[in-house]
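Colleague: Just start_17.csv, nothing more (CSV, C-alpha atoms):
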```csv
chain,number,residue,atom,x,y,z
A,1,MET,CA,-87.4,22.2,140.3
A,2,ARG,CA,-90.1,20.7,142.5
A,3,TYR,CA,-89.1,21.0,146.2
A,4,ALA,CA,-90.4,19.5,149.4
A,5,LEU,CA,-89.4,20.5,152.9
A,6,LEU,CA,-89.5,18.2,156.0
A,7,VAL,CA,-89.9,20.2,159.2
A,8,GLN,CA,-89.2,18.3,162.4
A,9,GLY,CA,-88.6,21.1,164.9
A,10,GLY,CA,-91.4,22.6,167.0
A,11,PRO,CA,-92.1,26.4,166.6
A,12,TYR,CA,-90.2,28.9,168.8
A,13,SER,CA,-88.3,26.2,170.8
A,14,HIS,CA,-85.9,25.7,168.0
A,15,GLN,CA,-84.7,27.5,164.8
A,16,ALA,CA,-85.8,24.7,162.5
A,17,ALA,CA,-89.2,26.2,161.5
A,18,HIS,CA,-87.7,29.6,161.0
A,19,SER,CA,-84.9,28.1,158.8
A,20,ALA,CA,-87.5,26.2,156.8
A,21,LEU,CA,-89.6,29.3,156.1
A,22,ARG,CA,-86.5,31.3,155.2
A,23,PHE,CA,-85.4,28.5,152.8
A,24,ALA,CA,-89.0,28.4,151.3
A,25,GLU,CA,-88.9,32.1,150.5
A,26,ALA,CA,-85.4,31.8,148.9
A,27,ALA,CA,-86.3,28.7,146.9
A,28,ILE,CA,-89.5,30.4,145.5
A,29,ALA,CA,-87.5,33.5,144.8
A,30,ARG,CA,-85.2,31.4,142.6
A,31,GLY,CA,-88.2,30.2,140.6
A,32,HIS,CA,-88.7,26.8,142.2
A,33,HIS,CA,-92.0,25.2,142.9
A,34,LEU,CA,-92.4,24.5,146.6
A,35,GLU,CA,-95.0,21.7,146.4
A,36,THR,CA,-95.0,20.2,149.8
A,37,VAL,CA,-94.1,21.0,153.4
A,38,PHE,CA,-94.3,17.9,155.5
A,39,PHE,CA,-94.4,18.2,159.3
A,40,TYR,CA,-93.2,15.3,161.4
A,41,HIS,CA,-91.8,14.7,165.0
A,42,ASP,CA,-92.3,18.0,167.0
A,43,GLY,CA,-92.7,19.8,163.7
A,44,VAL,CA,-96.4,19.0,163.8
A,45,TYR,CA,-96.8,21.8,166.4
A,46,ASN,CA,-96.2,24.3,163.6
A,47,ALA,CA,-99.8,23.5,162.5
A,48,ALA,CA,-101.3,24.5,165.9
A,49,ARG,CA,-104.4,26.6,165.0
A,50,LEU,CA,-104.4,28.4,168.3
A,51,ALA,CA,-100.8,29.6,168.3
A,52,ALA,CA,-100.7,33.2,169.5
A,53,PRO,CA,-97.2,34.6,169.4
A,54,PRO,CA,-96.5,38.2,170.4
A,55,GLN,CA,-97.1,40.6,167.6
A,56,ASP,CA,-93.5,41.6,167.3
A,57,GLU,CA,-92.4,38.0,166.5
A,58,PRO,CA,-92.7,36.1,163.3
A,59,HIS,CA,-95.9,34.2,163.2
A,60,LEU,CA,-94.8,30.8,162.0
A,61,VAL,CA,-98.3,29.3,161.5
A,62,ASP,CA,-99.3,32.2,159.4
A,63,GLY,CA,-96.0,32.0,157.6
A,64,PHE,CA,-96.6,28.4,156.5
A,65,ARG,CA,-100.3,29.3,155.7
A,66,SER,CA,-99.3,32.1,153.4
A,67,LEU,CA,-97.0,29.6,151.4
A,68,HIS,CA,-100.2,27.7,150.7
A,69,GLU,CA,-102.2,30.8,149.8
A,70,ALA,CA,-99.6,32.4,147.6
A,71,HIS,CA,-97.9,29.4,146.0
A,72,GLY,CA,-100.3,26.4,146.5
A,73,THR,CA,-97.8,24.6,148.8
A,74,GLN,CA,-99.4,21.6,150.4
A,75,LEU,CA,-99.0,21.6,154.2
A,76,LYS,CA,-99.1,18.0,155.3
A,77,VAL,CA,-99.0,16.9,158.9
A,78,CYS,CA,-98.2,13.4,159.9
A,79,ILE,CA,-101.4,12.1,161.4
A,80,ALA,CA,-99.8,9.6,163.8
A,81,ALA,CA,-97.3,12.2,165.1
A,82,GLY,CA,-100.0,14.8,165.3
A,83,LEU,CA,-102.7,12.8,167.2
A,84,ARG,CA,-100.1,11.8,169.8
A,85,ARG,CA,-99.3,15.4,170.4
A,86,GLY,CA,-102.8,16.8,170.4
A,87,LEU,CA,-103.0,18.1,166.8
A,88,LEU,CA,-106.5,17.1,165.6
A,89,ASP,CA,-108.7,18.5,162.9
A,90,GLU,CA,-112.5,18.6,163.3
A,91,ARG,CA,-113.0,15.1,162.0
A,92,GLU,CA,-110.4,13.5,164.2
A,93,ALA,CA,-111.6,15.6,167.2
A,94,ALA,CA,-115.1,14.2,166.6
A,95,ARG,CA,-113.8,10.7,166.2
A,96,HIS,CA,-111.9,10.9,169.5
A,97,GLY,CA,-114.8,12.6,171.3
A,98,LYS,CA,-112.8,15.9,171.9
A,99,GLN,CA,-114.3,19.3,172.2
A,100,GLY,CA,-112.7,21.7,169.8
A,101,HIS,CA,-110.0,21.1,167.3
A,102,SER,CA,-106.4,22.3,167.1
A,103,LEU,CA,-105.6,22.0,163.4
A,104,GLU,CA,-107.4,23.3,160.4
A,105,ALA,CA,-107.0,23.9,156.6
A,106,PRO,CA,-104.8,24.6,154.8
A,107,PHE,CA,-102.9,22.2,157.1
A,108,GLU,CA,-104.0,18.6,156.5
A,109,LEU,CA,-103.5,15.4,158.5
A,110,THR,CA,-102.0,12.8,156.2
A,111,GLY,CA,-100.2,9.5,156.5
A,112,LEU,CA,-96.5,9.2,156.6
A,113,GLY,CA,-96.6,7.6,153.1
A,114,GLN,CA,-97.0,11.1,151.8
A,115,LEU,CA,-93.6,12.0,153.1
A,116,ILE,CA,-92.0,9.1,151.3
A,117,ASP,CA,-93.9,9.9,148.1
A,118,ALA,CA,-92.9,13.6,148.3
A,119,GLY,CA,-89.3,12.6,148.9
A,120,LEU,CA,-89.2,10.2,145.9
A,121,SER,CA,-91.3,12.1,143.5
A,122,HIS,CA,-90.1,15.7,144.0
A,123,ASP,CA,-86.7,16.8,142.7
A,124,ARG,CA,-85.4,17.8,146.1
A,125,LEU,CA,-86.3,17.2,149.8
A,126,ILE,CA,-84.7,19.4,152.4
A,127,THR,CA,-85.0,18.6,156.1
A,128,PHE,CA,-85.0,21.0,159.0
A,129,SER,CA,-84.7,19.4,162.3
A,130,PRO,CA,-84.3,20.5,165.9
B,1,MET,CA,-72.6,14.8,145.2
B,2,ILE,CA,-74.5,15.2,148.4
B,3,LEU,CA,-75.1,18.4,150.3
B,4,HIS,CA,-74.9,17.7,154.1
B,5,THR,CA,-76.3,20.3,156.5
B,6,LEU,CA,-75.2,20.5,160.1
B,7,ASN,CA,-76.9,22.5,162.8
B,8,ARG,CA,-74.8,21.7,165.9
B,9,SER,CA,-71.5,23.2,167.1
B,10,PRO,CA,-68.6,20.7,167.2
B,11,THR,CA,-68.1,21.7,170.9
B,12,GLU,CA,-71.7,20.8,171.8
B,13,SER,CA,-72.3,17.6,169.8
B,14,ARG,CA,-70.3,14.9,168.2
B,15,VAL,CA,-72.8,14.6,165.4
B,16,TYR,CA,-70.4,16.4,163.1
B,17,ARG,CA,-68.2,13.3,163.3
B,18,GLN,CA,-71.1,11.2,162.0
B,19,ALA,CA,-71.6,13.6,159.2
B,20,LEU,CA,-67.9,13.6,158.3
B,21,ALA,CA,-67.8,9.8,158.3
B,22,ALA,CA,-70.8,9.6,156.0
B,23,MET,CA,-69.4,12.2,153.5
B,24,GLY,CA,-68.0,11.1,150.1
B,25,PRO,CA,-64.9,12.8,148.6
B,26,ASP,CA,-66.9,15.4,146.6
B,27,ASP,CA,-69.7,16.0,149.2
B,28,ARG,CA,-70.2,19.4,150.6
B,29,LEU,CA,-71.1,20.5,154.2
B,30,LEU,CA,-73.1,23.5,155.0
B,31,LEU,CA,-73.1,24.8,158.6
B,32,ILE,CA,-76.5,26.3,159.6
B,33,GLU,CA,-78.1,27.5,162.9
B,34,ASP,CA,-75.9,26.7,165.9
B,35,GLY,CA,-73.6,24.8,163.5
B,36,VAL,CA,-72.1,28.1,162.2
B,37,GLN,CA,-70.0,28.2,165.4
B,38,GLY,CA,-67.9,25.5,163.6
B,39,ALA,CA,-66.8,28.3,161.2
B,40,LEU,CA,-64.8,30.1,163.9
B,41,PRO,CA,-61.0,29.9,163.3
B,42,SER,CA,-60.5,28.0,166.6
B,43,LEU,CA,-63.1,25.3,165.7
B,44,VAL,CA,-62.8,25.0,162.0
B,45,ARG,CA,-60.0,22.4,162.4
B,46,HIS,CA,-62.7,19.9,163.3
B,47,PHE,CA,-63.6,19.9,159.6
B,48,GLY,CA,-60.0,19.6,158.5
B,49,GLU,CA,-60.1,17.9,155.2
B,50,LEU,CA,-63.1,19.8,153.7
B,51,GLU,CA,-61.2,22.8,152.1
B,52,GLY,CA,-63.4,24.2,149.4
B,53,ARG,CA,-66.3,22.1,150.4
B,54,LEU,CA,-67.2,23.7,153.8
B,55,PHE,CA,-69.9,26.4,153.7
B,56,ALA,CA,-71.7,28.5,156.4
B,57,LEU,CA,-74.9,30.3,156.2
B,58,ARG,CA,-74.4,34.1,156.3
B,59,GLU,CA,-77.7,34.9,158.0
B,60,ASP,CA,-77.0,32.5,160.8
B,61,LEU,CA,-73.5,33.9,161.3
B,62,GLU,CA,-74.8,37.5,161.2
B,63,ALA,CA,-77.6,36.9,163.6
B,64,ARG,CA,-75.0,35.5,166.1
B,65,GLY,CA,-72.5,38.3,165.6
B,66,LEU,CA,-70.1,35.9,164.0
B,67,ALA,CA,-70.0,37.2,160.4
B,68,GLY,CA,-66.7,39.0,160.9
B,69,ARG,CA,-65.1,36.1,162.8
B,70,CYS,CA,-65.5,33.4,160.3
B,71,ALA,CA,-62.4,31.5,159.2
B,72,ALA,CA,-61.1,32.4,155.8
B,73,GLU,CA,-61.3,28.9,154.4
B,74,VAL,CA,-65.1,28.8,155.0
B,75,LEU,CA,-67.3,29.7,152.0
B,76,VAL,CA,-70.1,31.9,153.2
B,77,VAL,CA,-73.4,31.7,151.4
B,78,ASP,CA,-76.7,33.5,151.9
B,79,ALA,CA,-80.2,31.9,151.7
B,80,ASP,CA,-80.1,32.1,147.9
B,81,GLY,CA,-76.7,30.4,147.9
B,82,PHE,CA,-78.2,27.7,150.2
B,83,VAL,CA,-80.8,27.0,147.6
B,84,ALA,CA,-78.2,27.0,144.9
B,85,LEU,CA,-76.2,24.4,146.8
B,86,THR,CA,-79.3,22.2,147.0
B,87,GLU,CA,-79.8,22.5,143.2
B,88,GLU,CA,-76.2,21.5,142.5
B,89,ALA,CA,-76.4,18.4,144.9
B,90,ASP,CA,-78.2,15.2,143.9
B,91,LYS,CA,-79.7,15.2,147.4
B,92,THR,CA,-79.5,16.9,150.8
B,93,VAL,CA,-79.0,15.1,154.1
B,94,SER,CA,-79.4,16.9,157.4
B,95,TRP,CA,-77.5,16.2,160.5
B,96,PHE,CA,-78.8,17.4,163.8
C,1,MET,CA,-78.8,-11.6,151.5
C,2,GLN,CA,-75.6,-11.7,149.6
C,3,HIS,CA,-77.3,-10.0,146.6
C,4,ASP,CA,-77.8,-6.8,148.6
C,5,SER,CA,-74.6,-5.0,147.9
C,6,VAL,CA,-74.7,-1.3,149.0
C,7,GLU,CA,-74.2,-0.3,145.4
C,8,THR,CA,-77.4,-1.9,144.1
C,9,ALA,CA,-79.4,-1.0,147.2
C,10,GLY,CA,-83.0,0.3,147.3
C,11,GLU,CA,-84.7,3.6,146.9
C,12,LEU,CA,-84.7,4.8,150.4
C,13,LEU,CA,-82.0,4.9,153.1
C,14,ILE,CA,-83.2,5.6,156.6
C,15,ILE,CA,-80.4,6.5,159.0
C,16,LEU,CA,-81.2,5.8,162.7
C,17,ARG,CA,-78.9,7.6,165.1
C,18,HIS,CA,-80.9,7.5,168.4
C,19,ALA,CA,-81.2,5.0,171.1
C,20,PRO,CA,-84.6,3.5,172.1
C,21,HIS,CA,-86.7,5.1,174.9
C,22,GLY,CA,-84.7,8.4,175.3
C,23,SER,CA,-86.6,10.1,172.5
C,24,SER,CA,-89.1,9.3,169.8
C,25,TRP,CA,-86.5,9.6,166.9
C,26,LEU,CA,-85.9,5.9,166.7
C,27,ARG,CA,-89.5,4.9,166.7
C,28,GLU,CA,-90.5,7.7,164.2
C,29,GLY,CA,-87.6,6.7,161.9
C,30,LEU,CA,-88.7,3.0,162.0
C,31,ASP,CA,-92.3,4.1,161.3
C,32,ALA,CA,-91.2,5.9,158.2
C,33,ALA,CA,-89.3,2.7,157.1
C,34,LEU,CA,-92.3,0.5,157.7
C,35,VAL,CA,-94.7,2.8,155.9
C,36,ALA,CA,-92.3,3.1,152.9
C,37,ALA,CA,-92.0,-0.7,152.8
C,38,ALA,CA,-95.7,-1.1,153.1
C,39,PHE,CA,-96.1,1.1,150.0
C,40,GLY,CA,-93.7,-1.2,148.1
C,41,ARG,CA,-90.6,0.9,148.4
C,42,GLN,CA,-87.2,-0.8,148.8
C,43,VAL,CA,-85.9,0.3,152.2
C,44,THR,CA,-82.4,0.1,153.7
C,45,LEU,CA,-81.7,0.9,157.3
C,46,LEU,CA,-78.4,2.3,158.5
C,47,PHE,CA,-77.8,2.3,162.3
C,48,CYS,CA,-75.2,5.0,163.3
C,49,GLY,CA,-73.9,6.3,166.6
C,50,GLU,CA,-76.3,5.6,169.4
C,51,GLY,CA,-78.7,4.1,166.9
C,52,VAL,CA,-76.7,0.8,167.1
C,53,THR,CA,-78.1,0.3,170.6
C,54,ALA,CA,-81.5,-0.1,169.0
C,55,LEU,CA,-80.3,-3.6,168.0
C,56,VAL,CA,-79.2,-4.8,171.5
C,57,ALA,CA,-81.2,-7.8,172.6
C,58,GLU,CA,-83.4,-8.1,175.7
C,59,GLN,CA,-84.9,-4.6,175.6
C,60,THR,CA,-88.2,-4.1,177.5
C,61,ALA,CA,-91.1,-1.8,177.6
C,62,GLY,CA,-90.7,1.3,179.9
C,63,PRO,CA,-92.0,1.3,183.4
C,64,LEU,CA,-95.1,3.3,182.4
C,65,GLY,CA,-95.8,0.8,179.6
C,66,GLN,CA,-94.0,2.9,177.0
C,67,LYS,CA,-93.6,0.7,173.9
C,68,GLY,CA,-90.0,-0.1,173.1
C,69,THR,CA,-88.8,-0.6,169.5
C,70,GLN,CA,-87.7,-4.2,169.7
C,71,PRO,CA,-91.1,-5.6,168.6
C,72,THR,CA,-90.9,-3.3,165.5
C,73,LEU,CA,-87.4,-4.5,164.7
C,74,GLU,CA,-88.7,-8.0,164.9
C,75,MET,CA,-91.3,-7.1,162.2
C,76,LEU,CA,-88.8,-5.8,159.7
C,77,ALA,CA,-88.4,-9.1,157.9
C,78,MET,CA,-92.2,-9.3,157.4
C,79,TYR,CA,-91.9,-6.0,155.6
C,80,ASP,CA,-89.0,-7.2,153.4
C,81,ILE,CA,-86.6,-4.8,155.1
C,82,ASP,CA,-83.6,-7.1,155.3
C,83,THR,CA,-80.7,-4.8,154.4
C,84,LEU,CA,-79.5,-3.6,157.9
C,85,LEU,CA,-76.3,-1.7,157.8
C,86,VAL,CA,-74.4,-0.7,160.9
C,87,ASP,CA,-71.6,1.8,161.5
C,88,GLN,CA,-68.7,-0.5,162.6
C,89,GLN,CA,-67.1,2.3,164.6
C,90,ALA,CA,-70.2,2.8,166.6
C,91,LEU,CA,-70.3,-0.9,167.5
C,92,ASP,CA,-66.6,-0.7,168.5
C,93,GLU,CA,-67.0,2.4,170.7
C,94,ARG,CA,-69.7,0.5,172.7
C,95,GLY,CA,-67.8,-2.8,172.9
C,96,LEU,CA,-70.5,-4.5,170.8
C,97,THR,CA,-70.1,-6.9,168.0
C,98,ALA,CA,-72.5,-8.0,165.3
C,99,ALA,CA,-73.1,-11.2,167.3
C,100,ASP,CA,-74.5,-9.2,170.2
C,101,LEU,CA,-77.4,-7.8,168.0
C,102,LEU,CA,-80.9,-9.0,167.5
C,103,LEU,CA,-80.8,-9.2,163.8
C,104,PRO,CA,-78.2,-10.0,161.2
C,105,VAL,CA,-76.4,-6.8,160.1
C,106,ARG,CA,-73.7,-5.7,157.8
C,107,PRO,CA,-71.0,-3.6,159.5
C,108,LEU,CA,-69.6,-0.8,157.4
C,109,ALA,CA,-66.4,1.3,157.6
C,110,PRO,CA,-66.6,5.0,156.7
C,111,PRO,CA,-65.9,4.7,152.9
C,112,GLN,CA,-68.8,2.3,152.7
C,113,LEU,CA,-71.0,4.6,154.7
C,114,ALA,CA,-70.6,7.3,152.1
C,115,ALA,CA,-71.2,4.8,149.4
C,116,ALA,CA,-74.5,3.8,151.1
C,117,LEU,CA,-75.7,7.4,151.1
C,118,ALA,CA,-74.7,7.9,147.5
C,119,ALA,CA,-76.4,4.8,146.3
C,120,HIS,CA,-79.9,5.7,147.5
C,121,PRO,CA,-82.0,8.3,145.8
C,122,LEU,CA,-83.6,9.4,149.1
C,123,VAL,CA,-81.9,9.6,152.5
C,124,LEU,CA,-83.8,10.4,155.6
C,125,ASN,CA,-81.8,11.0,158.8
C,126,PHE,CA,-83.5,10.4,162.1
```
Translate the structure described by the file into structure tokens.
Modeller:
Amino acid sequence: MRYALLVQGGPYSHQAAHSALRFAEAAIARGHHLETVFFYHDGVYNAARLAAPPQDEPHLVDGFRSLHEAHGTQLKVCIAAGLRRGLLDEREAARHGKQGHSLEAPFELTGLGQLIDAGLSHDRLITFSP
Amino acid sequence: MILHTLNRSPTESRVYRQALAAMGPDDRLLLIEDGVQGALPSLVRHFGELEGRLFALREDLEARGLAGRCAAEVLVVDADGFVALTEEADKTVSWF
Amino acid sequence: MQHDSVETAGELLIILRHAPHGSSWLREGLDAALVAAAFGRQVTLLFCGEGVTALVAEQTAGPLGQKGTQPTLEMLAMYDIDTLLVDQQALDERGLTAADLLLPVRPLAPPQLAAALAAHPLVLNF
């Protein structure tokens, strides 16, 4: 089946992102195609490029990134929720006159319409919230 | 049939009541994260009419030291079982 | 809006369970509804729990100029979002009636809540 996940919890403050990654592994292990992870609400912080957790803790940003690298999962970050919270890619940083950027590929800023599309076009959408 | 997930303990949040009110007669409820506290024998009564449709995630029980304290009527599933529940349901709704 | 029975409802049900101002859940849930409608999707809203207070009249912006959600609610009709369901029990608990609310709504008892969830292919809970 084609799966999408919606992650709404920020990293390390709540279990939501850990639960989502664990579910992702299990879904893939059962042969499903995890096509999309959409980040909304405080979930957008899971895309923070500069996250530097201690080495003995799970690295959530790398965890999501490796879903993309190993399985082609698209990592979509709501642009409106992201910009409000300081998650900007190079293009948005330039557009807003900011030095430096806080989000980079394979995470991509996209509109909320992509969440609705994923929800309606994939076989399953599973939400992990704080 | 809808799979509902709940990540709050019934002693901490009344959201479980909203979930129960929105559940159809065949719907299932999976307790995850802090929600697994609801699987304790003293709290499981909050989910009274769900016999056979109430699940809890093993990994979240184990991580909290609650795996051996789970009420007998709660069906314990692992992450693989969680995915299987989402396969069997038409859709999944999360309550938080 | 008599034709909008729960059983023949749209593609997407958005459940709003949070009050205005205290968190961004209500606003972000409404944003999802507007975007879906703008893309031509049929959207139903269900106000549950504290979410029913989103419909109380005479809301204002916050003291720092934080936008409230009332202006968004007033735009729903423009987006053809006209099926507004509310949890009757949540109204009762707060001493509210449908007549106290900004917009015409359809109060639902629990069996109808479950029917509303079952009738929509996609349910997003905010």
Colleague: Could you please determine the separation between CA of Thr83 (chain C) and CA of Gly40 (chain C) in Å, to one decimal place?
Modeller: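 We find that CA of Thr83 (chain C) and CA of Gly40 (chain C) lie 14.9 Å from each other.
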Colleague: Any idea what's packed within 8 Å of Gly38 (chain B), counting all atoms listed in the file, ignoring anything in its chain fewer than 6 positions away? Could you give it as number ranges by chain?
Modeller: B: 9-10, 31, 44, 46
Colleague: Need the shell around Pro25 (chain B): protein/DNA/RNA residues with any atom at most 9 Å away, counting only C-alpha atoms. Skip same-chain ones fewer than 5 positions apart. Format as number ranges by chain?
Modeller: B: 1, 50; C: 114
Colleague: Find the residues near Trp95 (chain B): any atom within 7 Å, counting all atoms listed in the file, skip ones fewer than 4 places away on the same chain, and give them as an MDAnalysis selection string.
Modeller: (chainID B and resid 5:7 15 19) or (chainID C and resid 125)
Colleague: With C-alpha atoms retained, could you export that selection as a compact mmCIF listing (two decimals), in the coordinates of the input?
Modeller:
```txt
# COMPACT_ATOMS: atom_id res chain seq x y z
CA THR B 5 -76.30 20.30 156.50
CA LEU B 6 -75.20 20.50 160.10
CA ASN B 7 -76.90 22.50 162.80
CA VAL B 15 -72.80 14.60 165.40
CA ALA B 19 -71.60 13.60 159.20
CA ASN C 125 -81.80 11.00 158.80
```
Colleague: Could you please tell me, as a list in words, which residues of chain B have an atom within 9 Å of chain A when using only C-alpha atoms?
Modeller: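 In the required form, that comes to Thr5, Asn7, Ile32, Glu33, Asp34, Ala79, Asp80, Gly81, Phe82, Val83, Ala84, Thr86, Glu87, Asp90, Lys91, Thr92, Val93, Ser94, Trp95 and Phe96 of chain B.
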Colleague: Select residues of chain C: the criterion is any atom within 9 Å of an atom of chain A, counting all atoms listed in the file; output as a tab-separated table (two decimals) with C-alpha atoms, in the frame of the given file.
Modeller:
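Written output follows (out.tsv):
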```tsv
chain	number	residue	atom	x	y	z
C	11	GLU	CA	-84.70	3.60	146.90
C	12	LEU	CA	-84.70	4.80	150.40
C	24	SER	CA	-89.10	9.30	169.80
C	25	TRP	CA	-86.50	9.60	166.90
C	28	GLU	CA	-90.50	7.70	164.20
C	31	ASP	CA	-92.30	4.10	161.30
C	32	ALA	CA	-91.20	5.90	158.20
C	35	VAL	CA	-94.70	2.80	155.90
C	36	ALA	CA	-92.30	3.10	152.90
C	38	ALA	CA	-95.70	-1.10	153.10
C	39	PHE	CA	-96.10	1.10	150.00
C	41	ARG	CA	-90.60	0.90	148.40
C	121	PRO	CA	-82.00	8.30	145.80
C	122	LEU	CA	-83.60	9.40	149.10
C	123	VAL	CA	-81.90	9.60	152.50
C	124	LEU	CA	-83.80	10.40	155.60
C	125	ASN	CA	-81.80	11.00	158.80
```
Colleague: Kindly add N, CA and C atoms to the incomplete region 62-77 of chain B and provide the output as a PDB file, in the frame of the given file.
Modeller:
```pdb
ATOM      1  N   GLU B  62     -74.473  36.120 160.872  1.00  0.00           N
ATOM      2  CA  GLU B  62     -74.800  37.500 161.200  1.00  0.00           C
ATOM      3  C   GLU B  62     -75.645  37.615 162.441  1.00  0.00           C
ATOM      4  N   ALA B  63     -76.665  36.788 162.511  1.00  0.00           N
ATOM      5  CA  ALA B  63     -77.600  36.900 163.600  1.00  0.00           C
ATOM      6  C   ALA B  63     -76.886  36.586 164.957  1.00  0.00           C
ATOM      7  N   ARG B  64     -75.776  35.848 164.882  1.00  0.00           N
ATOM      8  CA  ARG B  64     -75.000  35.500 166.100  1.00  0.00           C
ATOM      9  C   ARG B  64     -73.816  36.400 166.298  1.00  0.00           C
ATOM     10  N   GLY B  65     -73.670  37.418 165.449  1.00  0.00           N
ATOM     11  CA  GLY B  65     -72.500  38.300 165.600  1.00  0.00           C
ATOM     12  C   GLY B  65     -71.225  37.734 165.170  1.00  0.00           C
ATOM     13  N   LEU B  66     -71.275  36.662 164.366  1.00  0.00           N
ATOM     14  CA  LEU B  66     -70.100  35.900 164.000  1.00  0.00           C
ATOM     15  C   LEU B  66     -69.567  36.165 162.601  1.00  0.00           C
ATOM     16  N   ALA B  67     -70.304  37.019 161.856  1.00  0.00           N
ATOM     17  CA  ALA B  67     -70.000  37.200 160.400  1.00  0.00           C
ATOM     18  C   ALA B  67     -68.525  37.607 160.222  1.00  0.00           C
ATOM     19  N   GLY B  68     -68.043  38.501 161.076  1.00  0.00           N
ATOM     20  CA  GLY B  68     -66.700  39.000 160.900  1.00  0.00           C
ATOM     21  C   GLY B  68     -65.624  38.107 161.526  1.00  0.00           C
ATOM     22  N   ARG B  69     -66.048  37.024 162.130  1.00  0.00           N
ATOM     23  CA  ARG B  69     -65.100  36.100 162.800  1.00  0.00           C
ATOM     24  C   ARG B  69     -64.906  34.801 162.159  1.00  0.00           C
ATOM     25  N   CYS B  70     -65.492  34.687 160.997  1.00  0.00           N
ATOM     26  CA  CYS B  70     -65.500  33.400 160.300  1.00  0.00           C
ATOM     27  C   CYS B  70     -64.097  33.107 159.718  1.00  0.00           C
ATOM     28  N   ALA B  71     -63.667  31.853 159.795  1.00  0.00           N
ATOM     29  CA  ALA B  71     -62.400  31.500 159.200  1.00  0.00           C
ATOM     30  C   ALA B  71     -62.349  31.674 157.723  1.00  0.00           C
ATOM     31  N   ALA B  72     -61.166  32.057 157.222  1.00  0.00           N
ATOM     32  CA  ALA B  72     -61.100  32.400 155.800  1.00  0.00           C
ATOM     33  C   ALA B  72     -61.390  31.286 154.863  1.00  0.00           C
ATOM     34  N   GLU B  73     -61.120  30.058 155.290  1.00  0.00           N
ATOM     35  CA  GLU B  73     -61.300  28.900 154.400  1.00  0.00           C
ATOM     36  C   GLU B  73     -62.808  28.531 154.254  1.00  0.00           C
ATOM     37  N   VAL B  74     -63.673  29.113 155.089  1.00  0.00           N
ATOM     38  CA  VAL B  74     -65.100  28.800 155.000  1.00  0.00           C
ATOM     39  C   VAL B  74     -65.778  29.622 153.958  1.00  0.00           C
ATOM     40  N   LEU B  75     -66.540  28.975 153.101  1.00  0.00           N
ATOM     41  CA  LEU B  75     -67.300  29.700 152.000  1.00  0.00           C
ATOM     42  C   LEU B  75     -68.614  30.108 152.598  1.00  0.00           C
ATOM     43  N   VAL B  76     -68.841  31.422 152.636  1.00  0.00           N
ATOM     44  CA  VAL B  76     -70.100  31.900 153.200  1.00  0.00           C
ATOM     45  C   VAL B  76     -71.116  32.140 152.145  1.00  0.00           C
ATOM     46  N   VAL B  77     -72.313  31.589 152.379  1.00  0.00           N
ATOM     47  CA  VAL B  77     -73.400  31.700 151.400  1.00  0.00           C
ATOM     48  C   VAL B  77     -74.631  32.322 152.091  1.00  0.00           C
TER      49      VAL B  77
END
```
